[in-house]
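Here is the file model.txt (compact mmCIF, C-alpha atoms and all ligand atoms).
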```
# COMPACT_ATOMS: atom_id res chain seq x y z
CA MET A 1 -15.32 -18.63 -27.09
CA ASN A 2 -14.13 -15.67 -25.10
CA GLN A 3 -10.42 -16.28 -24.57
CA ARG A 4 -10.19 -14.26 -21.37
CA MET A 5 -13.01 -16.24 -19.78
CA TYR A 6 -11.48 -19.49 -21.03
CA ALA A 7 -8.17 -18.55 -19.43
CA LEU A 8 -9.87 -17.64 -16.13
CA GLY A 9 -11.87 -20.87 -16.11
CA SER A 10 -9.01 -23.18 -17.01
CA LYS A 11 -6.58 -21.96 -14.36
CA ARG A 12 -7.65 -23.10 -10.93
CA SER A 13 -6.76 -20.63 -8.16
CA VAL A 14 -3.69 -21.55 -6.11
CA ILE A 15 -5.89 -21.68 -2.99
CA ARG A 16 -8.31 -24.17 -4.58
CA GLU A 17 -5.36 -26.24 -5.81
CA ILE A 18 -3.99 -26.51 -2.27
CA PHE A 19 -7.43 -27.26 -0.85
CA GLU A 20 -7.87 -30.12 -3.34
CA PHE A 21 -4.40 -31.44 -2.46
CA GLY A 22 -5.45 -31.40 1.23
CA LYS A 23 -8.53 -33.50 0.52
CA LYS A 24 -6.42 -36.08 -1.33
CA ARG A 25 -3.80 -36.14 1.39
CA ALA A 26 -6.50 -36.59 4.07
CA GLN A 27 -7.57 -39.82 2.35
CA GLU A 28 -3.99 -41.09 2.53
CA ILE A 29 -3.02 -40.19 6.10
CA GLY A 30 -6.29 -39.25 7.83
CA ALA A 31 -7.89 -35.82 8.02
CA GLU A 32 -6.60 -35.22 11.57
CA ASN A 33 -3.00 -35.33 10.29
CA VAL A 34 -3.43 -32.72 7.56
CA TYR A 35 -3.14 -29.10 8.70
CA ASP A 36 -5.08 -27.22 6.08
CA PHE A 37 -4.78 -23.45 6.53
CA SER A 38 -5.70 -22.64 2.93
CA LEU A 39 -9.34 -21.58 2.82
CA GLY A 40 -11.18 -18.62 4.38
CA ASN A 41 -14.22 -20.75 5.24
CA PRO A 42 -15.60 -19.77 8.69
CA SER A 43 -15.09 -22.52 11.27
CA VAL A 44 -17.70 -21.07 13.66
CA ALA A 45 -21.33 -22.14 13.14
CA PRO A 46 -23.86 -19.45 12.22
CA PRO A 47 -25.57 -18.02 15.33
CA GLN A 48 -28.57 -20.08 16.45
CA ILE A 49 -30.90 -17.17 15.83
CA VAL A 50 -30.04 -17.30 12.12
CA GLU A 51 -31.22 -20.89 11.85
CA ASP A 52 -34.25 -20.24 14.09
CA THR A 53 -35.25 -17.28 11.93
CA LEU A 54 -34.91 -19.33 8.75
CA CYS A 55 -37.10 -22.10 10.28
CA GLU A 56 -39.66 -19.58 11.43
CA LEU A 57 -39.81 -17.97 7.99
CA LEU A 58 -40.25 -21.37 6.38
CA LYS A 59 -43.01 -22.32 8.82
CA THR A 60 -44.94 -19.09 8.94
CA GLU A 61 -44.54 -17.20 5.66
CA ASN A 62 -46.46 -17.82 2.49
CA SER A 63 -44.07 -20.06 0.57
CA THR A 64 -44.78 -18.63 -2.87
CA ALA A 65 -43.93 -15.16 -1.61
CA LEU A 66 -41.00 -16.39 0.48
CA HIS A 67 -39.30 -18.12 -2.44
CA GLY A 68 -40.51 -15.69 -5.07
CA TYR A 69 -38.63 -12.84 -6.75
CA THR A 70 -38.11 -9.70 -4.73
CA SER A 71 -37.46 -6.37 -6.44
CA ALA A 72 -34.27 -6.51 -8.50
CA GLN A 73 -32.47 -4.38 -5.89
CA GLY A 74 -33.87 -6.45 -3.00
CA ASP A 75 -36.88 -6.48 -0.68
CA ALA A 76 -37.80 -2.93 0.40
CA GLY A 77 -38.45 -3.92 4.03
CA VAL A 78 -35.09 -5.69 4.28
CA ARG A 79 -33.27 -2.70 2.81
CA ALA A 80 -35.07 -0.42 5.28
CA ALA A 81 -34.00 -2.65 8.19
CA ILE A 82 -30.37 -2.53 7.03
CA ALA A 83 -30.48 1.26 6.51
CA ASN A 84 -31.91 1.66 9.99
CA TYR A 85 -29.17 -0.51 11.46
CA ILE A 86 -26.40 1.41 9.66
CA GLU A 87 -27.82 4.73 10.90
CA LYS A 88 -28.16 3.56 14.48
CA THR A 89 -24.85 1.71 14.70
CA HIS A 90 -22.55 4.05 12.82
CA GLY A 91 -24.32 7.38 13.26
CA VAL A 92 -24.36 8.11 9.52
CA GLU A 93 -27.15 8.83 7.08
CA ALA A 94 -28.46 5.72 5.33
CA ASN A 95 -31.49 5.08 3.20
CA ALA A 96 -33.17 2.00 1.73
CA ASP A 97 -33.21 3.72 -1.67
CA PHE A 98 -29.41 3.55 -1.76
CA LEU A 99 -29.06 -0.10 -0.80
CA TYR A 100 -28.79 -2.96 -3.27
CA MET A 101 -28.93 -6.59 -2.04
CA THR A 102 -26.30 -8.89 -3.55
CA CYS A 103 -24.93 -12.43 -3.54
CA GLY A 104 -22.05 -11.57 -1.18
CA ALA A 105 -19.04 -9.27 -1.40
CA ALA A 106 -17.84 -10.70 -4.72
CA ALA A 107 -21.08 -9.58 -6.37
CA SER A 108 -21.05 -6.28 -4.47
CA LEU A 109 -17.59 -5.53 -5.85
CA THR A 110 -18.20 -6.63 -9.44
CA ILE A 111 -21.39 -4.60 -9.59
CA THR A 112 -19.83 -1.51 -7.99
CA LEU A 113 -16.77 -1.60 -10.24
CA SER A 114 -18.93 -2.02 -13.34
CA ALA A 115 -21.20 0.80 -12.17
CA LEU A 116 -18.30 3.20 -11.62
CA CYS A 117 -15.76 2.42 -14.31
CA GLU A 118 -15.49 3.20 -17.98
CA GLU A 119 -13.07 1.31 -20.23
CA GLY A 120 -9.48 2.25 -19.37
CA ASP A 121 -10.19 3.71 -15.92
CA GLU A 122 -7.84 2.92 -13.07
CA VAL A 123 -8.65 1.59 -9.62
CA ILE A 124 -5.99 1.93 -6.95
CA THR A 125 -5.68 -0.69 -4.23
CA PHE A 126 -3.11 -1.72 -1.62
CA ALA A 127 -1.06 -4.91 -1.54
CA PRO A 128 -1.55 -7.41 -0.11
CA TYR A 129 -5.06 -7.52 -1.58
CA PHE A 130 -7.80 -10.12 -2.16
CA THR A 131 -6.74 -12.14 -5.20
CA GLU A 132 -9.96 -11.60 -7.14
CA TYR A 133 -9.70 -7.78 -7.26
CA LYS A 134 -7.75 -7.96 -10.50
CA VAL A 135 -10.33 -10.21 -12.14
CA PHE A 136 -13.26 -8.07 -10.94
CA THR A 137 -11.62 -4.79 -12.03
CA GLU A 138 -10.63 -6.08 -15.45
CA THR A 139 -14.14 -7.44 -16.00
CA ALA A 140 -15.36 -3.89 -15.47
CA GLY A 141 -12.98 -2.76 -18.24
CA ALA A 142 -10.67 -1.01 -15.77
CA LYS A 143 -7.12 -1.58 -14.62
CA LEU A 144 -6.12 -2.45 -11.06
CA ILE A 145 -3.19 -0.38 -9.77
CA PRO A 146 -1.84 -2.20 -6.71
CA LEU A 147 0.46 -0.21 -4.42
CA ALA A 148 2.87 -1.72 -1.94
CA SER A 149 2.01 -1.05 1.71
CA ASP A 150 4.46 -0.12 4.45
CA PRO A 151 6.22 -3.50 4.92
CA ASP A 152 6.51 -3.08 8.70
CA THR A 153 2.85 -2.40 9.34
CA PHE A 154 0.93 -3.17 6.10
CA GLN A 155 -0.69 0.23 6.52
CA ILE A 156 -1.06 2.56 3.52
CA ASP A 157 2.18 4.06 2.20
CA PHE A 158 0.91 7.58 1.55
CA ARG A 159 4.01 8.65 -0.38
CA LEU A 160 3.28 5.96 -2.95
CA LEU A 161 -0.43 6.73 -2.93
CA GLU A 162 -0.02 10.43 -3.68
CA LYS A 163 2.06 9.59 -6.74
CA ALA A 164 -0.31 6.92 -8.04
CA PHE A 165 -3.22 9.14 -9.15
CA THR A 166 -3.65 9.95 -12.84
CA ASN A 167 -6.47 11.49 -14.84
CA LYS A 168 -7.73 7.91 -15.32
CA THR A 169 -8.14 7.18 -11.59
CA ARG A 170 -11.79 6.39 -10.91
CA ALA A 171 -11.67 4.88 -7.43
CA VAL A 172 -9.57 3.66 -4.55
CA LEU A 173 -10.48 0.23 -3.20
CA VAL A 174 -9.73 -0.62 0.44
CA ASN A 175 -10.27 -3.73 2.53
CA SER A 176 -10.05 -3.41 6.31
CA PRO A 177 -9.86 -5.72 8.21
CA ASN A 178 -7.68 -7.07 5.46
CA ASN A 179 -7.48 -10.41 3.75
CA PRO A 180 -4.68 -11.61 3.88
CA SER A 181 -2.81 -9.43 6.44
CA GLY A 182 -5.52 -9.07 9.13
CA VAL A 183 -4.55 -5.41 9.43
CA VAL A 184 -7.19 -2.80 10.32
CA TYR A 185 -6.92 0.83 9.15
CA ASN A 186 -7.30 3.12 12.14
CA GLU A 187 -9.11 6.47 12.20
CA GLU A 188 -5.95 8.46 11.57
CA THR A 189 -5.21 6.46 8.40
CA ILE A 190 -8.77 6.89 7.17
CA LYS A 191 -8.71 10.65 7.77
CA ARG A 192 -5.48 10.91 5.85
CA LEU A 193 -6.87 8.79 3.03
CA ALA A 194 -9.98 10.99 2.88
CA ALA A 195 -7.79 14.10 2.69
CA VAL A 196 -5.74 12.66 -0.19
CA LEU A 197 -8.91 11.66 -2.07
CA THR A 198 -10.37 15.15 -1.62
CA GLU A 199 -7.13 16.75 -2.82
CA MET A 200 -6.80 14.45 -5.83
CA SER A 201 -10.46 14.87 -6.80
CA ALA A 202 -9.85 18.64 -6.87
CA LYS A 203 -6.57 18.26 -8.76
CA TYR A 204 -8.10 16.09 -11.50
CA GLY A 205 -11.43 17.94 -11.56
CA LYS A 206 -13.62 14.89 -10.91
CA THR A 207 -14.90 12.85 -7.99
CA ILE A 208 -12.64 9.95 -7.14
CA TYR A 209 -14.76 7.40 -5.27
CA LEU A 210 -13.77 5.21 -2.35
CA ILE A 211 -14.90 1.58 -2.49
CA THR A 212 -14.72 -0.26 0.81
CA ASP A 213 -14.83 -4.06 0.79
CA GLU A 214 -16.06 -5.07 4.24
CA PRO A 215 -16.76 -8.78 4.73
CA TYR A 216 -14.66 -8.75 7.92
CA ARG A 217 -15.98 -5.54 9.56
CA GLU A 218 -17.20 -7.34 12.70
CA LEU A 219 -14.25 -9.75 12.96
CA VAL A 220 -11.96 -7.63 15.14
CA TYR A 221 -10.19 -8.42 18.37
CA GLY A 222 -9.15 -6.67 21.54
CA GLY A 223 -11.66 -3.84 21.19
CA VAL A 224 -10.18 -2.54 17.91
CA LYS A 225 -12.55 -0.16 16.07
CA VAL A 226 -13.15 -0.18 12.33
CA PRO A 227 -14.07 3.37 11.25
CA TYR A 228 -17.23 3.67 9.13
CA LEU A 229 -15.94 5.26 5.97
CA THR A 230 -18.94 7.31 4.79
CA LYS A 231 -18.38 9.40 7.92
CA TYR A 232 -14.91 10.44 6.71
CA TYR A 233 -15.31 10.58 2.92
CA LYS A 234 -18.73 11.09 1.52
CA HIS A 235 -18.05 9.71 -1.97
CA THR A 236 -17.97 6.17 -0.60
CA VAL A 237 -19.59 2.92 -1.68
CA VAL A 238 -19.73 0.15 0.93
CA CYS A 239 -19.51 -3.44 -0.35
CA TYR A 240 -20.72 -5.62 2.49
CA SER A 241 -21.26 -9.35 2.96
CA TYR A 242 -22.63 -11.64 5.65
CA SER A 243 -20.37 -14.50 4.51
CA LYS A 244 -17.99 -14.15 7.43
CA SER A 245 -19.91 -12.14 10.05
CA LEU A 246 -22.74 -14.70 10.09
CA SER A 247 -20.70 -17.66 8.77
CA LEU A 248 -22.86 -17.94 5.66
CA PRO A 249 -20.39 -17.97 2.72
CA GLY A 250 -22.34 -20.62 0.84
CA ASP A 251 -25.63 -18.80 1.08
CA ARG A 252 -24.41 -15.78 -0.89
CA ILE A 253 -25.88 -12.71 0.75
CA GLY A 254 -24.62 -9.16 1.14
CA TYR A 255 -25.32 -5.63 -0.07
CA ILE A 256 -24.02 -2.45 -1.67
CA PHE A 257 -24.60 0.83 0.12
CA VAL A 258 -24.09 4.01 -1.88
CA ASN A 259 -23.65 6.92 0.50
CA PRO A 260 -26.71 9.14 -0.15
CA THR A 261 -24.60 12.32 0.15
CA ALA A 262 -21.96 11.21 -2.39
CA ASP A 263 -21.66 13.20 -5.61
CA GLN A 264 -24.26 11.96 -8.08
CA ALA A 265 -25.45 9.39 -5.52
CA LYS A 266 -28.79 8.88 -7.29
CA GLU A 267 -27.15 8.36 -10.66
CA LEU A 268 -24.54 6.07 -9.13
CA TYR A 269 -27.25 4.01 -7.43
CA LEU A 270 -29.04 3.70 -10.78
CA ALA A 271 -25.74 2.62 -12.35
CA VAL A 272 -25.47 -0.02 -9.59
CA CYS A 273 -28.97 -1.23 -10.52
CA GLY A 274 -27.92 -1.22 -14.18
CA ALA A 275 -24.72 -3.15 -13.51
CA GLY A 276 -26.66 -5.66 -11.39
CA ARG A 277 -29.03 -6.08 -14.30
CA ALA A 278 -26.26 -6.38 -16.90
CA LEU A 279 -24.37 -8.95 -14.84
CA GLY A 280 -27.49 -10.93 -13.95
CA TYR A 281 -27.16 -10.12 -10.25
CA VAL A 282 -30.78 -9.25 -9.60
CA CYS A 283 -32.91 -10.41 -6.69
CA ALA A 284 -30.43 -11.87 -4.22
CA PRO A 285 -31.71 -15.12 -2.57
CA SER A 286 -35.13 -14.19 -1.15
CA LEU A 287 -35.16 -16.46 1.90
CA PHE A 288 -31.77 -15.17 3.03
CA GLN A 289 -32.70 -11.56 2.38
CA LYS A 290 -35.69 -11.98 4.66
CA MET A 291 -33.66 -13.64 7.38
CA ILE A 292 -31.12 -10.80 7.19
CA GLY A 293 -33.93 -8.26 7.61
CA ARG A 294 -34.68 -9.85 11.00
CA CYS A 295 -31.11 -10.51 12.15
CA GLN A 296 -29.48 -7.10 11.98
CA GLY A 297 -26.71 -6.75 14.57
CA VAL A 298 -26.25 -10.50 15.00
CA VAL A 299 -22.63 -11.74 14.67
CA SER A 300 -21.01 -15.19 14.93
CA ASP A 301 -18.90 -15.93 17.99
CA VAL A 302 -15.63 -14.23 16.99
CA SER A 303 -13.95 -15.03 20.31
CA VAL A 304 -13.09 -18.41 18.77
CA TYR A 305 -10.98 -16.71 16.09
CA GLU A 306 -9.34 -14.44 18.64
CA LYS A 307 -8.27 -17.47 20.67
CA ASN A 308 -6.84 -19.05 17.52
CA ARG A 309 -5.00 -15.87 16.60
CA ASP A 310 -3.42 -15.55 20.03
CA LEU A 311 -2.24 -19.16 20.08
CA LEU A 312 -0.85 -19.09 16.55
CA VAL A 313 0.82 -15.65 16.67
CA GLY A 314 2.45 -16.41 20.03
CA ALA A 315 3.73 -19.83 18.99
CA LEU A 316 4.94 -18.85 15.51
CA ARG A 317 6.85 -15.85 16.84
CA SER A 318 8.51 -18.04 19.45
CA TYR A 319 9.69 -20.37 16.62
CA GLY A 320 11.23 -17.40 14.77
CA TYR A 321 8.50 -16.53 12.25
CA HIS A 322 7.64 -12.86 11.57
CA CYS A 323 4.20 -11.43 11.01
CA VAL A 324 2.45 -8.09 11.48
CA GLN A 325 -0.01 -8.27 14.37
CA PRO A 326 -3.43 -9.03 12.84
CA ASP A 327 -6.24 -7.11 14.55
CA GLY A 328 -9.05 -8.60 12.52
CA ALA A 329 -10.28 -11.09 9.89
CA PHE A 330 -8.92 -14.64 10.36
CA TYR A 331 -5.63 -14.58 8.50
CA LEU A 332 -1.95 -14.30 9.33
CA PHE A 333 0.43 -13.04 6.68
CA VAL A 334 3.75 -14.53 7.64
CA LYS A 335 7.17 -13.84 6.15
CA SER A 336 8.31 -16.85 4.18
CA LEU A 337 11.53 -18.40 5.47
CA GLU A 338 12.97 -18.28 1.96
CA PRO A 339 12.49 -15.60 -0.72
CA ASP A 340 10.37 -17.88 -2.92
CA ALA A 341 7.08 -18.29 -1.03
CA ALA A 342 5.83 -21.02 -3.37
CA ALA A 343 8.96 -23.08 -2.68
CA PHE A 344 8.46 -22.48 1.05
CA CYS A 345 4.85 -23.72 0.80
CA GLU A 346 6.11 -26.86 -0.98
CA GLN A 347 8.53 -27.40 1.88
CA ALA A 348 5.70 -26.89 4.40
CA LYS A 349 3.69 -29.59 2.63
CA LYS A 350 6.31 -32.11 3.74
CA TYR A 351 5.06 -31.46 7.28
CA ASP A 352 1.45 -31.58 6.03
CA LEU A 353 1.07 -27.85 6.57
CA LEU A 354 -1.01 -26.35 3.79
CA LEU A 355 -0.23 -22.64 3.41
CA VAL A 356 -0.91 -20.22 0.56
CA PRO A 357 1.92 -18.28 -1.13
CA GLY A 358 1.40 -14.52 -0.97
CA ASP A 359 2.28 -13.88 -4.63
CA ASP A 360 -1.35 -13.90 -5.79
CA PHE A 361 -2.12 -11.30 -3.10
CA GLY A 362 0.39 -9.02 -4.80
CA CYS A 363 3.09 -9.52 -2.16
CA LYS A 364 6.10 -11.73 -2.72
CA GLY A 365 7.95 -13.45 0.12
CA TYR A 366 4.93 -14.07 2.36
CA VAL A 367 2.47 -16.87 3.03
CA ARG A 368 -1.14 -16.68 4.19
CA ILE A 369 -2.37 -18.81 7.05
CA ALA A 370 -6.16 -18.91 7.40
CA TYR A 371 -6.80 -19.65 11.09
CA CYS A 372 -10.54 -20.16 10.75
CA VAL A 373 -9.96 -23.78 11.76
CA SER A 374 -10.47 -25.72 14.98
CA HIS A 375 -8.33 -24.73 17.95
CA GLU A 376 -7.36 -28.38 18.32
CA MET A 377 -6.01 -28.50 14.79
CA ILE A 378 -3.80 -25.49 15.49
CA LYS A 379 -2.44 -27.22 18.60
CA ARG A 380 -1.72 -30.38 16.59
CA ALA A 381 -0.05 -28.32 13.83
CA LEU A 382 2.34 -26.36 16.06
CA PRO A 383 5.09 -29.05 16.20
CA SER A 384 5.10 -29.08 12.38
CA PHE A 385 5.53 -25.30 12.25
CA GLU A 386 8.38 -25.62 14.72
CA LYS A 387 10.12 -28.39 12.75
CA LEU A 388 9.75 -26.38 9.54
CA ALA A 389 11.39 -23.33 11.14
CA GLN A 390 14.11 -25.57 12.56
CA GLU A 391 14.84 -27.00 9.11
CA TYR A 392 15.50 -23.48 7.78
CA LYS A 393 17.65 -22.58 10.78
CA ASN A 394 19.75 -25.68 10.16
N1 LIG B 401 -13.43 -9.62 -0.35
C1 LIG B 401 -12.58 -10.21 0.48
C2 LIG B 401 -11.49 -9.39 1.06
C3 LIG B 401 -12.69 -11.57 0.80
O1 LIG B 401 -11.80 -12.13 1.63
C4 LIG B 401 -13.75 -12.32 0.22
C5 LIG B 401 -13.89 -13.75 0.50
O2 LIG B 401 -13.09 -14.40 1.12
C6 LIG B 401 -14.62 -11.66 -0.64
C7 LIG B 401 -14.44 -10.33 -0.92
C8 LIG B 401 -15.77 -12.40 -1.27
O3 LIG B 401 -16.72 -12.59 -0.28
P1 LIG B 401 -18.14 -13.28 -0.55
O4 LIG B 401 -17.99 -14.72 -0.21
O5 LIG B 401 -19.08 -12.60 0.38
O6 LIG B 401 -18.47 -13.06 -1.96
```
Written as structure tokens, how would this file's structure read?
Amino acid sequence: MNQRMYALGSKRSVIREIFEFGKKRAQEIGAENVYDFSLGNPSVAPPQIVEDTLCELLKTENSTALHGYTSAQGDAGVRAAIANYIEKTHGVEANADFLYMTCGAAASLTITLSALCEEGDEVITFAPYFTEYKVFTETAGAKLIPLASDPDTFQIDFRLLEKAFTNKTRAVLVNSPNNPSGVVYNEETIKRLAAVLTEMSAKYGKTIYLITDEPYRELVYGGVKVPYLTKYYKHTVVCYSYSKSLSLPGDRIGYIFVNPTADQAKELYLAVCGAGRALGYVCAPSLFQKMIGRCQGVVSDVSVYEKNRDLLVGALRSYGYHCVQPDGAFYLFVKSLEPDAAAFCEQAKKYDLLLVPGDDFGCKGYVRIAYCVSHEMIKRALPSFEKLAQEYKN
């Protein structure tokens, strides 16, 4: 068998391990006494209109067509609806012929990386980063080059970035709002990033692409804006997912959008189709594609997450924890109270707090708290966070 795949399959992710522990512990002491902050599973129900649209499709559409294959790249009408929405909402050029429907952001990323990279290419990203980036990049034959971010803000450290390019650099991969830090890149950061990419493309005599992983685009708080990247750097590929914005992670639906004005956009789109074919990611779930075509602009109630963020950030800071202010997504990346984050998470378990060590996100000395949980659970968990901090103070 393939030894790399065997190794990937036999090692359960740390997050899954903690989640399983939580289920076991819930049987012992009752679910209400376990404070599981491990998984990024939305706690807000999908908007009613999503379920109504699904019911309507099931009632009114011809069922053979509804459940049948669409084109490999997705239903043309759905792709047109998405292109139209992108144009209207972000004021950029979009086109159904440059959209490819996928099974969520994971598929969008694996396809895009395989479409762009040749064996030995390098893909730069910024720590902390989504744990699967390394797996996805290596599957595409490329190497992930993670760069530390500014530790005070988790924004891009441009001095490190400028030094990281080589003649093997194929793309830079960004994720804003970020999992696990919750940080959003503002317009100034994006303009600077675009300028560096333009300069480095010229220096190395080739187009260096920007891949933007955007499952949390709509999950922002306090009026924070997430710049639309094709507006700032034309050689951009958007990897989008409805997993979080519509609370549909189990239904596996998203898309890839190749900016039509990018260098070799047509060829790149064909490479996306080819990678989708090679990886078996053709024809994303038909029923969900069709629902998406009718629900453009719909978003789950993110005010619930904002309320959770405010409660948790305020309380944890008052107990002496440190974290960068998260403007989006539903994660807090908190400084561990001892250098070894895994040991800190073990200590937290004694208070039935299930946290994820930051090491797998490429950042030692931090833990991730996923606050996509009920507000009541956060309230119940606060005394445990306080006791844990107290233990370290003592
Ligand atoms: N990218 C990031 C940053 C994520 O946090 C996730 C899921 O949590 C994914 C990609 C994968 O998303 P999906 O479930 O849509 O495949």
Could you give me the residues within 6 Å of ligand LIG 401 (chain B), counting only C-alpha atoms and all ligand atoms, as a ChimeraX atom specification? /A:40,104-106,130,175,179,213,241,243,249
Nearby residues (only C-alpha atoms) at most 10 Å from Lys290 of chain A, same-chain spacing under 5 positions excluded, as JSON, numbers by chain: {"A": [53, 54, 57, 66, 70, 74, 75, 77, 78, 79, 285, 295]}
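The closest residue to Ser43 of chain A, picked from A:Tyr392, A:Tyr305, A:Tyr69, A:Phe288 and counting only C-alpha atoms, is A:Tyr305.
Proximity of A:Gln27, A:Gln48, A:Asn84, A:Ser201 to Asp301 of chain A, computed with all atoms listed in the file, is greatest for A:Gln48.
Picture a line from atom CA of Ile18 of chain A to atom CA of Asp340 of chain A; it runs 16.8 Å.
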Find the distance between atom CA of Gly91 of chain A and atom CA of Val184 of chain A and write it in Å to one decimal. 20.1 Å
How many Å lie between atom CA of Phe330 of chain A and atom CA of Leu287 of chain A, rounded to one decimal? 27.6 Å
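Taking only C-alpha atoms into account, Leu311 of chain A lies nearest to A:Ala381 out of the set A:Ala381, A:Ala31, A:Val44, A:Ala329.
Among the candidate residues A:Val324, A:Ser318, A:Tyr85, A:Leu388, the one lying nearest to Leu337 of chain A is A:Leu388, with distances computed using all atoms listed in the file.
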Put the listed atoms of segment 144-152 of chain A in a box along x, y and z with 3 Å added on every side and give me the centre and edge lengths in Å to one decimal, as JSON.
```
{"center_x": 0.2, "center_y": -1.8, "center_z": -1.2, "size_x": 18.6, "size_y": 9.4, "size_z": 25.8}
```
